[in-house]
$ cat work_39.txt   # compact mmCIF, C-alpha atoms and all ligand atoms
# COMPACT_ATOMS: atom_id res chain seq x y z
CA MET A 1 0.00 0.00 0.00
CA SER A 2 1.38 3.45 -0.92
CA ASP A 3 1.82 6.25 1.64
CA GLU A 4 -0.99 8.11 -0.04
CA GLN A 5 -3.36 5.14 0.32
CA VAL A 6 -2.48 4.78 4.01
CA ARG A 7 -3.14 8.48 4.69
CA LEU A 8 -6.37 8.40 2.73
CA GLY A 9 -7.51 5.32 4.63
CA LYS A 10 -6.86 7.02 7.99
CA LEU A 11 -8.66 10.20 6.98
CA ARG A 12 -11.65 8.21 5.79
CA GLU A 13 -11.77 6.32 9.09
CA GLU A 14 -11.81 9.68 10.84
CA ILE A 15 -14.61 10.90 8.57
CA ASP A 16 -16.63 7.72 9.30
CA SER A 17 -16.25 8.27 13.01
CA LEU A 18 -17.22 11.97 12.73
CA ASP A 19 -20.25 11.03 10.59
CA GLN A 20 -21.35 8.63 13.32
CA GLN A 21 -21.07 11.41 15.91
CA ILE A 22 -22.90 13.90 13.67
CA MET A 23 -25.68 11.32 13.14
CA ASP A 24 -25.97 10.68 16.88
CA LEU A 25 -26.13 14.42 17.55
CA ILE A 26 -28.72 15.05 14.82
CA SER A 27 -30.81 12.20 16.24
CA ALA A 28 -30.57 13.69 19.75
CA ARG A 29 -31.64 17.05 18.32
CA ALA A 30 -34.58 15.43 16.51
CA ARG A 31 -35.71 13.78 19.78
CA CYS A 32 -35.57 17.23 21.43
CA ALA A 33 -37.80 18.62 18.67
CA GLN A 34 -40.27 15.76 19.29
CA GLU A 35 -40.31 16.76 22.97
CA VAL A 36 -40.90 20.39 21.97
CA ALA A 37 -43.91 19.28 19.92
CA HIS A 38 -45.22 17.36 22.91
CA VAL A 39 -44.88 20.44 25.15
CA LYS A 40 -46.61 22.61 22.53
CA THR A 41 -49.58 20.26 22.11
CA SER A 42 -50.04 19.53 25.80
CA SER A 43 -49.96 23.21 26.77
CA ASN A 44 -52.52 24.20 24.07
CA PRO A 45 -54.84 21.17 23.86
CA ASP A 46 -57.84 23.04 22.45
CA GLN A 47 -56.07 25.57 20.29
CA ASP A 48 -54.33 25.75 16.96
CA VAL A 49 -50.73 24.77 17.73
CA PHE A 50 -48.09 26.67 15.77
CA PHE A 51 -45.29 24.18 15.32
CA TYR A 52 -43.37 26.36 12.88
CA ARG A 53 -41.70 29.24 14.75
CA PRO A 54 -40.19 31.70 12.25
CA GLU A 55 -38.66 33.89 14.97
CA ARG A 56 -36.88 30.93 16.59
CA GLU A 57 -35.64 29.59 13.26
CA ALA A 58 -34.24 33.03 12.36
CA GLN A 59 -32.43 33.17 15.73
CA VAL A 60 -30.96 29.68 15.27
CA LEU A 61 -29.76 30.43 11.74
CA ARG A 62 -28.30 33.81 12.71
CA ARG A 63 -26.40 32.23 15.60
CA ILE A 64 -25.04 29.51 13.31
CA LYS A 65 -23.82 32.13 10.82
CA GLU A 66 -22.21 34.23 13.55
CA GLN A 67 -20.50 31.38 15.39
CA ASN A 68 -19.48 29.28 12.41
CA PRO A 69 -15.74 28.58 12.82
CA GLY A 70 -15.08 27.72 9.13
CA PRO A 71 -13.68 26.47 6.82
CA LEU A 72 -17.26 26.20 5.48
CA SER A 73 -18.82 29.62 4.85
CA GLY A 74 -21.53 30.93 7.18
CA GLU A 75 -24.07 30.66 4.34
CA GLU A 76 -23.17 27.04 3.67
CA MET A 77 -23.34 26.11 7.37
CA ALA A 78 -26.70 27.86 7.75
CA ARG A 79 -28.00 26.00 4.69
CA LEU A 80 -27.08 22.66 6.33
CA PHE A 81 -28.80 23.66 9.58
CA ARG A 82 -31.77 24.89 7.55
CA GLU A 83 -32.25 21.31 6.35
CA ILE A 84 -31.72 19.80 9.82
CA MET A 85 -34.39 22.12 11.29
CA SER A 86 -36.68 21.38 8.35
CA ALA A 87 -36.43 17.64 9.09
CA CYS A 88 -36.99 18.26 12.83
CA LEU A 89 -40.08 20.37 12.09
CA ALA A 90 -41.44 17.65 9.80
CA LEU A 91 -41.17 15.23 12.74
CA GLU A 92 -43.24 17.66 14.83
CA LYS A 93 -45.74 18.29 12.04
CA PRO A 94 -45.39 17.94 8.26
CA MET A 95 -45.89 21.45 6.86
CA HIS A 96 -47.94 22.05 3.71
CA ILE A 97 -46.60 25.06 1.84
CA ALA A 98 -48.62 26.51 -1.04
CA PHE A 99 -46.63 28.35 -3.69
CA LEU A 100 -47.17 30.05 -7.03
CA GLY A 101 -46.64 27.09 -9.35
CA PRO A 102 -46.26 25.07 -11.38
CA VAL A 103 -43.50 22.82 -10.05
CA GLY A 104 -40.09 24.17 -11.09
CA THR A 105 -40.80 27.91 -10.65
CA PHE A 106 -38.53 30.29 -8.78
CA THR A 107 -41.26 30.55 -6.15
CA GLN A 108 -40.85 26.85 -5.40
CA ALA A 109 -37.08 27.34 -5.16
CA ALA A 110 -37.75 30.22 -2.70
CA ALA A 111 -40.15 28.06 -0.65
CA LEU A 112 -37.53 25.30 -0.34
CA LYS A 113 -34.80 27.81 0.46
CA HIS A 114 -36.92 29.23 3.27
CA PHE A 115 -38.48 26.06 4.73
CA GLY A 116 -35.93 23.41 3.67
CA HIS A 117 -36.79 20.28 1.70
CA SER A 118 -38.78 18.37 4.33
CA VAL A 119 -42.02 20.25 3.62
CA VAL A 120 -44.83 19.22 1.30
CA SER A 121 -44.86 21.95 -1.36
CA VAL A 122 -48.19 22.47 -3.10
CA PRO A 123 -48.18 24.25 -6.50
CA LEU A 124 -51.12 26.57 -7.22
CA PRO A 125 -51.91 28.33 -10.49
CA ALA A 126 -52.22 31.94 -9.27
CA ILE A 127 -51.26 34.31 -6.47
CA ASP A 128 -54.86 34.63 -5.22
CA ALA A 129 -55.16 30.83 -5.13
CA VAL A 130 -52.14 30.71 -2.80
CA PHE A 131 -53.82 33.25 -0.50
CA ARG A 132 -57.10 31.27 -0.53
CA GLU A 133 -55.34 27.98 0.22
CA VAL A 134 -53.75 29.47 3.35
CA GLU A 135 -56.87 31.40 4.40
CA SER A 136 -58.94 28.20 4.27
CA GLY A 137 -56.36 26.30 6.33
CA ALA A 138 -55.71 23.80 3.50
CA ALA A 139 -52.03 24.92 3.58
CA HIS A 140 -50.13 26.02 6.67
CA TYR A 141 -48.22 28.80 4.87
CA GLY A 142 -47.90 30.25 1.38
CA VAL A 143 -45.04 31.73 -0.64
CA VAL A 144 -45.62 34.50 -3.19
CA PRO A 145 -43.24 36.83 -5.08
CA VAL A 146 -43.45 40.49 -4.04
CA GLU A 147 -40.68 42.38 -5.81
CA ASN A 148 -37.87 42.00 -8.27
CA SER A 149 -34.75 44.16 -8.24
CA THR A 150 -34.91 44.72 -12.02
CA GLU A 151 -38.64 44.89 -12.64
CA GLY A 152 -40.10 46.31 -9.42
CA MET A 153 -43.15 45.33 -7.41
CA ILE A 154 -45.51 42.45 -8.13
CA ASN A 155 -48.68 44.47 -7.79
CA HIS A 156 -51.00 41.50 -7.66
CA THR A 157 -49.42 40.36 -4.40
CA LEU A 158 -49.63 43.86 -2.86
CA ASP A 159 -53.28 44.20 -3.85
CA MET A 160 -54.19 40.84 -2.31
CA PHE A 161 -53.27 42.21 1.13
CA MET A 162 -55.98 44.88 0.84
CA SER A 163 -58.68 42.25 1.27
CA SER A 164 -56.91 39.25 2.81
CA PRO A 165 -56.80 38.67 6.58
CA LEU A 166 -53.44 36.85 6.24
CA LYS A 167 -50.26 38.04 7.94
CA ILE A 168 -46.74 38.27 6.58
CA CYS A 169 -44.65 35.76 8.57
CA GLY A 170 -41.35 35.99 6.75
CA GLU A 171 -39.36 37.00 3.69
CA VAL A 172 -36.81 35.27 1.52
CA GLN A 173 -34.64 36.59 -1.27
CA LEU A 174 -33.49 34.54 -4.20
CA ARG A 175 -30.81 35.42 -6.76
CA ILE A 176 -32.50 34.85 -10.10
CA HIS A 177 -30.40 33.35 -12.88
CA HIS A 178 -32.14 32.85 -16.21
CA HIS A 179 -30.82 30.52 -18.90
CA LEU A 180 -31.69 30.02 -22.56
CA LEU A 181 -32.78 26.39 -22.66
CA VAL A 182 -33.48 23.84 -25.38
CA SER A 183 -34.29 20.17 -25.44
CA PRO A 184 -31.30 17.97 -26.29
CA LYS A 185 -33.75 16.12 -28.61
CA PHE A 186 -34.01 19.17 -30.92
CA GLU A 187 -30.56 20.63 -30.30
CA ASP A 188 -29.53 20.97 -33.94
CA GLN A 189 -32.67 22.80 -35.03
CA ASP A 190 -32.89 26.53 -35.52
CA ILE A 191 -34.80 28.24 -32.77
CA THR A 192 -37.91 29.91 -34.16
CA ARG A 193 -39.52 31.02 -30.87
CA ILE A 194 -38.68 31.55 -27.23
CA TYR A 195 -41.15 30.97 -24.43
CA SER A 196 -41.01 32.62 -21.02
CA HIS A 197 -42.88 34.49 -18.33
CA GLN A 198 -43.33 38.20 -19.02
CA GLN A 199 -41.17 39.14 -15.97
CA SER A 200 -38.30 36.96 -17.20
CA PHE A 201 -38.45 38.46 -20.70
CA ALA A 202 -38.25 41.88 -19.07
CA GLN A 203 -35.24 40.82 -16.96
CA CYS A 204 -33.38 39.53 -20.06
CA ARG A 205 -34.51 42.19 -22.59
CA GLN A 206 -31.07 43.58 -23.50
CA TRP A 207 -29.48 40.16 -23.83
CA LEU A 208 -32.30 39.00 -26.12
CA ASP A 209 -32.12 42.17 -28.23
CA THR A 210 -28.37 41.67 -28.67
CA HIS A 211 -28.12 37.90 -29.06
CA ARG A 212 -31.51 36.69 -30.33
CA TYR A 213 -32.91 39.75 -32.07
CA GLY A 214 -35.94 39.03 -34.28
CA ILE A 215 -36.82 35.65 -32.77
CA GLU A 216 -40.44 35.53 -31.69
CA ARG A 217 -40.95 35.88 -27.89
CA ILE A 218 -44.08 34.16 -26.61
CA THR A 219 -45.29 34.99 -23.12
CA VAL A 220 -46.61 32.07 -21.06
CA SER A 221 -47.92 31.81 -17.50
CA SER A 222 -44.63 30.68 -15.89
CA ASN A 223 -41.03 29.77 -16.63
CA ALA A 224 -41.78 26.16 -15.81
CA GLU A 225 -44.54 26.16 -18.46
CA ALA A 226 -42.02 27.68 -20.90
CA ALA A 227 -39.58 24.86 -20.09
CA ARG A 228 -42.31 22.24 -20.53
CA ARG A 229 -43.07 23.57 -24.03
CA ALA A 230 -39.39 23.71 -25.01
CA ALA A 231 -39.08 20.06 -23.96
CA GLU A 232 -41.93 19.08 -26.30
CA GLU A 233 -41.87 21.41 -29.29
CA PRO A 234 -39.20 21.31 -32.02
CA GLY A 235 -37.76 24.78 -32.72
CA ALA A 236 -38.77 26.09 -29.29
CA ALA A 237 -36.49 27.46 -26.55
CA ALA A 238 -37.33 28.64 -23.06
CA ILE A 239 -35.95 31.19 -20.64
CA ALA A 240 -36.11 29.63 -17.20
CA GLY A 241 -34.03 28.77 -14.16
CA ASP A 242 -32.11 25.72 -12.98
CA MET A 243 -35.05 23.96 -11.33
CA ALA A 244 -37.17 24.05 -14.48
CA ALA A 245 -34.17 23.03 -16.63
CA GLU A 246 -33.55 20.02 -14.45
CA LEU A 247 -37.22 19.08 -14.20
CA TYR A 248 -37.66 19.02 -18.00
CA GLY A 249 -34.17 17.73 -18.89
CA LEU A 250 -33.21 20.85 -20.87
CA LYS A 251 -29.78 21.92 -21.99
CA LYS A 252 -28.34 25.42 -21.45
CA LEU A 253 -27.55 27.22 -24.72
CA ALA A 254 -26.62 30.33 -22.74
CA ASN A 255 -26.06 30.64 -19.02
CA SER A 256 -27.18 33.52 -16.70
CA ILE A 257 -28.59 35.82 -19.38
CA GLU A 258 -30.29 38.26 -16.98
CA ASP A 259 -29.32 41.86 -17.78
CA ARG A 260 -28.43 42.75 -14.21
CA PRO A 261 -25.95 40.53 -12.39
CA ASP A 262 -27.65 41.24 -9.03
CA ASN A 263 -31.11 40.25 -10.32
CA THR A 264 -32.94 39.20 -7.14
CA THR A 265 -36.56 38.47 -6.29
CA ARG A 266 -38.03 38.90 -2.83
CA PHE A 267 -40.78 36.53 -1.73
CA LEU A 268 -43.14 36.75 1.23
CA ILE A 269 -44.24 33.95 3.53
CA ILE A 270 -47.94 34.35 4.35
CA GLY A 271 -49.71 32.69 7.23
CA ARG A 272 -52.56 32.99 9.68
CA GLU A 273 -50.70 34.07 12.80
CA GLU A 274 -48.59 36.95 14.07
CA VAL A 275 -44.89 36.29 14.61
CA PRO A 276 -43.21 37.38 17.89
CA ALA A 277 -40.04 39.51 17.73
CA SER A 278 -36.82 37.72 16.77
CA GLY A 279 -34.54 40.66 17.54
CA HIS A 280 -33.94 41.65 13.90
CA ASP A 281 -37.29 42.24 12.28
CA LYS A 282 -39.17 44.13 9.65
CA SER A 283 -42.83 45.18 9.50
CA SER A 284 -45.28 45.87 6.69
CA ILE A 285 -48.39 48.06 6.72
CA LEU A 286 -51.00 49.36 4.28
CA VAL A 287 -52.14 52.94 4.85
CA SER A 288 -54.66 55.08 3.05
CA MET A 289 -54.48 58.81 3.72
CA ARG A 290 -56.94 61.64 3.17
CA ASN A 291 -56.48 63.25 -0.23
CA LYS A 292 -55.12 66.60 0.96
CA PRO A 293 -51.92 68.62 0.54
CA GLY A 294 -49.06 67.37 2.68
CA ALA A 295 -50.64 63.94 3.30
CA LEU A 296 -47.52 62.04 2.25
CA TYR A 297 -45.30 64.29 4.39
CA GLN A 298 -47.63 63.76 7.34
CA LEU A 299 -47.39 60.01 6.84
CA LEU A 300 -43.60 59.88 6.58
CA GLU A 301 -42.56 62.50 9.13
CA PRO A 302 -43.21 60.26 12.21
CA PHE A 303 -40.87 57.59 10.78
CA HIS A 304 -38.09 60.17 10.73
CA ARG A 305 -38.96 61.46 14.21
CA HIS A 306 -38.98 57.97 15.76
CA GLY A 307 -35.76 56.99 13.94
CA ILE A 308 -37.40 54.12 12.07
CA SER A 309 -35.89 53.15 8.69
CA LEU A 310 -38.25 52.76 5.77
CA THR A 311 -37.11 49.99 3.47
CA ARG A 312 -39.87 50.35 0.87
CA ILE A 313 -42.83 52.56 0.05
CA GLU A 314 -45.15 51.83 -2.87
CA THR A 315 -48.34 53.51 -4.00
CA ARG A 316 -51.31 51.51 -5.23
CA PRO A 317 -54.67 52.78 -6.44
CA SER A 318 -57.29 52.28 -3.75
CA PRO A 319 -60.07 49.83 -4.62
CA SER A 320 -62.52 52.23 -2.92
CA GLY A 321 -62.36 55.21 -5.29
CA THR A 322 -60.87 56.95 -8.32
CA TRP A 323 -57.63 58.80 -7.55
CA ALA A 324 -57.50 57.58 -3.97
CA TYR A 325 -54.28 55.82 -3.01
CA VAL A 326 -53.03 53.21 -0.63
CA PHE A 327 -49.41 53.19 0.52
CA TYR A 328 -47.66 49.87 1.07
CA ILE A 329 -44.80 50.46 3.52
CA ASP A 330 -42.02 48.20 4.83
CA PHE A 331 -39.86 49.39 7.71
CA GLU A 332 -37.33 48.03 10.19
CA GLY A 333 -38.50 46.99 13.65
CA HIS A 334 -41.26 44.89 15.21
CA MET A 335 -44.76 46.12 16.05
CA ASP A 336 -44.32 44.96 19.66
CA GLU A 337 -41.36 47.32 20.12
CA GLU A 338 -42.06 50.65 21.80
CA PRO A 339 -40.93 53.11 19.07
CA VAL A 340 -42.91 51.19 16.42
CA ARG A 341 -45.95 51.02 18.68
CA LYS A 342 -45.85 54.83 19.17
CA LEU A 343 -45.28 55.43 15.47
CA LEU A 344 -48.24 53.29 14.45
CA ALA A 345 -50.52 54.97 16.99
CA GLU A 346 -49.68 58.33 15.37
CA VAL A 347 -50.12 57.02 11.83
CA ASP A 348 -53.45 55.48 12.87
CA ASP A 349 -54.69 58.90 14.10
CA GLU A 350 -54.03 60.53 10.74
CA ALA A 351 -54.89 57.70 8.35
CA VAL A 352 -58.24 56.86 6.81
CA GLU A 353 -57.23 53.27 7.28
CA LEU A 354 -54.18 51.47 8.67
CA LYS A 355 -53.79 47.75 8.16
CA ARG A 356 -50.99 45.92 9.99
CA LEU A 357 -49.76 43.20 7.65
CA GLY A 358 -47.30 41.78 10.14
CA SER A 359 -43.83 41.85 11.65
CA TYR A 360 -41.38 39.14 10.68
CA PRO A 361 -37.67 38.25 10.85
CA ILE A 362 -35.47 39.90 8.23
CA GLY A 363 -34.46 37.12 5.80
CA VAL A 364 -31.38 35.24 7.09
CA LEU A 365 -30.50 32.94 4.20
O1 LIG B 1 -38.11 25.66 19.05
C1 LIG B 1 -39.15 25.19 18.61
O2 LIG B 1 -40.26 25.72 18.82
C2 LIG B 1 -39.11 24.01 17.73
O3 LIG B 1 -40.15 23.55 17.33
C3 LIG B 1 -37.80 23.42 17.34
C4 LIG B 1 -37.36 23.87 15.95
C5 LIG B 1 -35.89 23.37 15.71
O4 LIG B 1 -35.73 22.33 15.12
O5 LIG B 1 -35.00 24.04 16.22
C6 LIG B 1 -38.23 23.28 14.92
C7 LIG B 1 -39.25 23.99 14.34
C8 LIG B 1 -39.53 25.38 14.63
O6 LIG B 1 -39.92 26.08 13.50
C9 LIG B 1 -38.41 26.05 15.32
C10 LIG B 1 -37.38 25.34 15.87

$ encode --input "work_39.txt" --output "structure tokens" --more "lines below"
Ligand SMILES: O=C(O)C(=O)C[C@]1(C(=O)O)C=C[C@@H](O)C=C1
Amino acid sequence: MSDEQVRLGKLREEIDSLDQQIMDLISARARCAQEVAHVKTSSNPDQDVFFYRPEREAQVLRRIKEQNPGPLSGEEMARLFREIMSACLALEKPMHIAFLGPVGTFTQAAALKHFGHSVVSVPLPAIDAVFREVESGAAHYGVVPVENSTEGMINHTLDMFMSSPLKICGEVQLRIHHHLLVSPKFEDQDITRIYSHQQSFAQCRQWLDTHRYGIERITVSSNAEAARRAAEEPGAAAIAGDMAAELYGLKKLANSIEDRPDNTTRFLIIGREEVPASGHDKSSILVSMRNKPGALYQLLEPFHRHGISLTRIETRPSPSGTWAYVFYIDFEGHMDEEPVRKLLAEVDDEAVELKRLGSYPIGVL
């Protein structure tokens, strides 16, 4: 046996022994989670038990990132713990997560990034269907896109909050990489048309104008649907992400064709309950103000006075009247914290309507 083989053999023995210890520790952790579930159910026998605790998960993942000794990166270590917690939660209660489908969309990738892979993910055809599924209790939580760094807000999601009783329980950001995909079956054919979702076409407009000018662009309901068509139709290509490419066995003709290298989409987790403070939170509200001079100033001034950072303000037409507006506002802090409580009391006094959409941990992963 060579020196190299001897060294390799020893290192592998060490890895086997470490794996055994990791397995024993993960099993001990899983038994703890089972105990936690027992405590939760026995202390709330007649109530809805909330097994999923977004604030606790955010604290665990933040601690892992902060205390990670390397050589793995903090992100990588947190991703591993994300999956361990996901499996522990599934032991407590298998979570049903509704998302804007079909299977293979970026929203599914966001749902799995946020909850880990031990959930049951349920594809639904439209944003309002995701809201309904969670409102009815058929799904525990839902995941919907809310804004893209290149294309701006997803207005349909914002507008749903005007009428829905659901709360925002979390957020997750996903770097969006689009690829030009074809089926290996039709690889040698000329592409005559490209399918994609309208948002993805918008995010790749310059690349398409430069590299595939004149080829017909056909808008479909999702990237996954685009990928499905490219897999079946000769002469068709799709713009979609990795998940859809893998699902439909497509080949990348061009990689990462999004115009902006930081192209990111933010998704919201919607649920039926309010989330306690995690120590690093964000809140969202909808406010409609009287239509009078200085209304916007009056709305924003208290944020400045209380030292609360606005992270987003969007205007949407109010469903209740022509030229009336509703402001969708995200800001840092939790509604249980004193400065935010004072701020919202002031806003409430001036507003025609104030709707608290929820406080939730700032995305960790
Ligand atoms: O701490 C809890 O409440 C748990 O249920 C345990 C645990 C975990 O595995 O750490 C699992 C699920 C929750 O979403 C949060 C944390």

$ residues_near_ligand --input "work_39.txt" --ligand "ligand LIG 1 (chain B)" --cutoff "10 Å" --atoms "only C-alpha atoms and all ligand atoms" --output "MDAnalysis selection string"
chainID A and resid 29:40 50:61 81:93 115

$ axis_aligned_box --input "work_39.txt" --around "region 154-165 of chain A" --padding-each-side "3 Å" --output "AutoDock Vina command-line options"
--center_x -52.1 --center_y 41.8 --center_z -0.8 --size_x 19.2 --size_y 12.2 --size_z 20.7

$ atom_distance --input "work_39.txt" --atom1 "CA of Thr41 (chain A)" --atom2 "CA of Glu273 (chain A)"
16.7 Å

$ residues_around --input "work_39.txt" --residues "Leu247 (chain A)" --least-positions-apart "5" --cutoff "12 Å" --atoms "all atoms listed in the file" --output "mmCIF file with C-alpha atoms, keeping the file's coordinate frame"
data_model
loop_
_atom_site.group_PDB
_atom_site.id
_atom_site.type_symbol
_atom_site.label_atom_id
_atom_site.label_comp_id
_atom_site.auth_asym_id
_atom_site.auth_seq_id
_atom_site.Cartn_x
_atom_site.Cartn_y
_atom_site.Cartn_z
ATOM 1 C CA PRO A 102 -46.260 25.070 -11.380
ATOM 2 C CA VAL A 103 -43.500 22.820 -10.050
ATOM 3 C CA GLY A 104 -40.090 24.170 -11.090
ATOM 4 C CA THR A 105 -40.800 27.910 -10.650
ATOM 5 C CA SER A 183 -34.290 20.170 -25.440
ATOM 6 C CA ASN A 223 -41.030 29.770 -16.630
ATOM 7 C CA ALA A 224 -41.780 26.160 -15.810
ATOM 8 C CA GLU A 225 -44.540 26.160 -18.460
ATOM 9 C CA ALA A 226 -42.020 27.680 -20.900
ATOM 10 C CA ALA A 227 -39.580 24.860 -20.090
ATOM 11 C CA ARG A 228 -42.310 22.240 -20.530
ATOM 12 C CA ALA A 230 -39.390 23.710 -25.010
ATOM 13 C CA ALA A 231 -39.080 20.060 -23.960
ATOM 14 C CA ALA A 240 -36.110 29.630 -17.200
ATOM 15 C CA GLY A 241 -34.030 28.770 -14.160
ATOM 16 C CA ASP A 242 -32.110 25.720 -12.980
#

$ atom_distance --input "work_39.txt" --atom1 "CA of Ser221 (chain A)" --atom2 "CA of His117 (chain A)"
25.0 Å
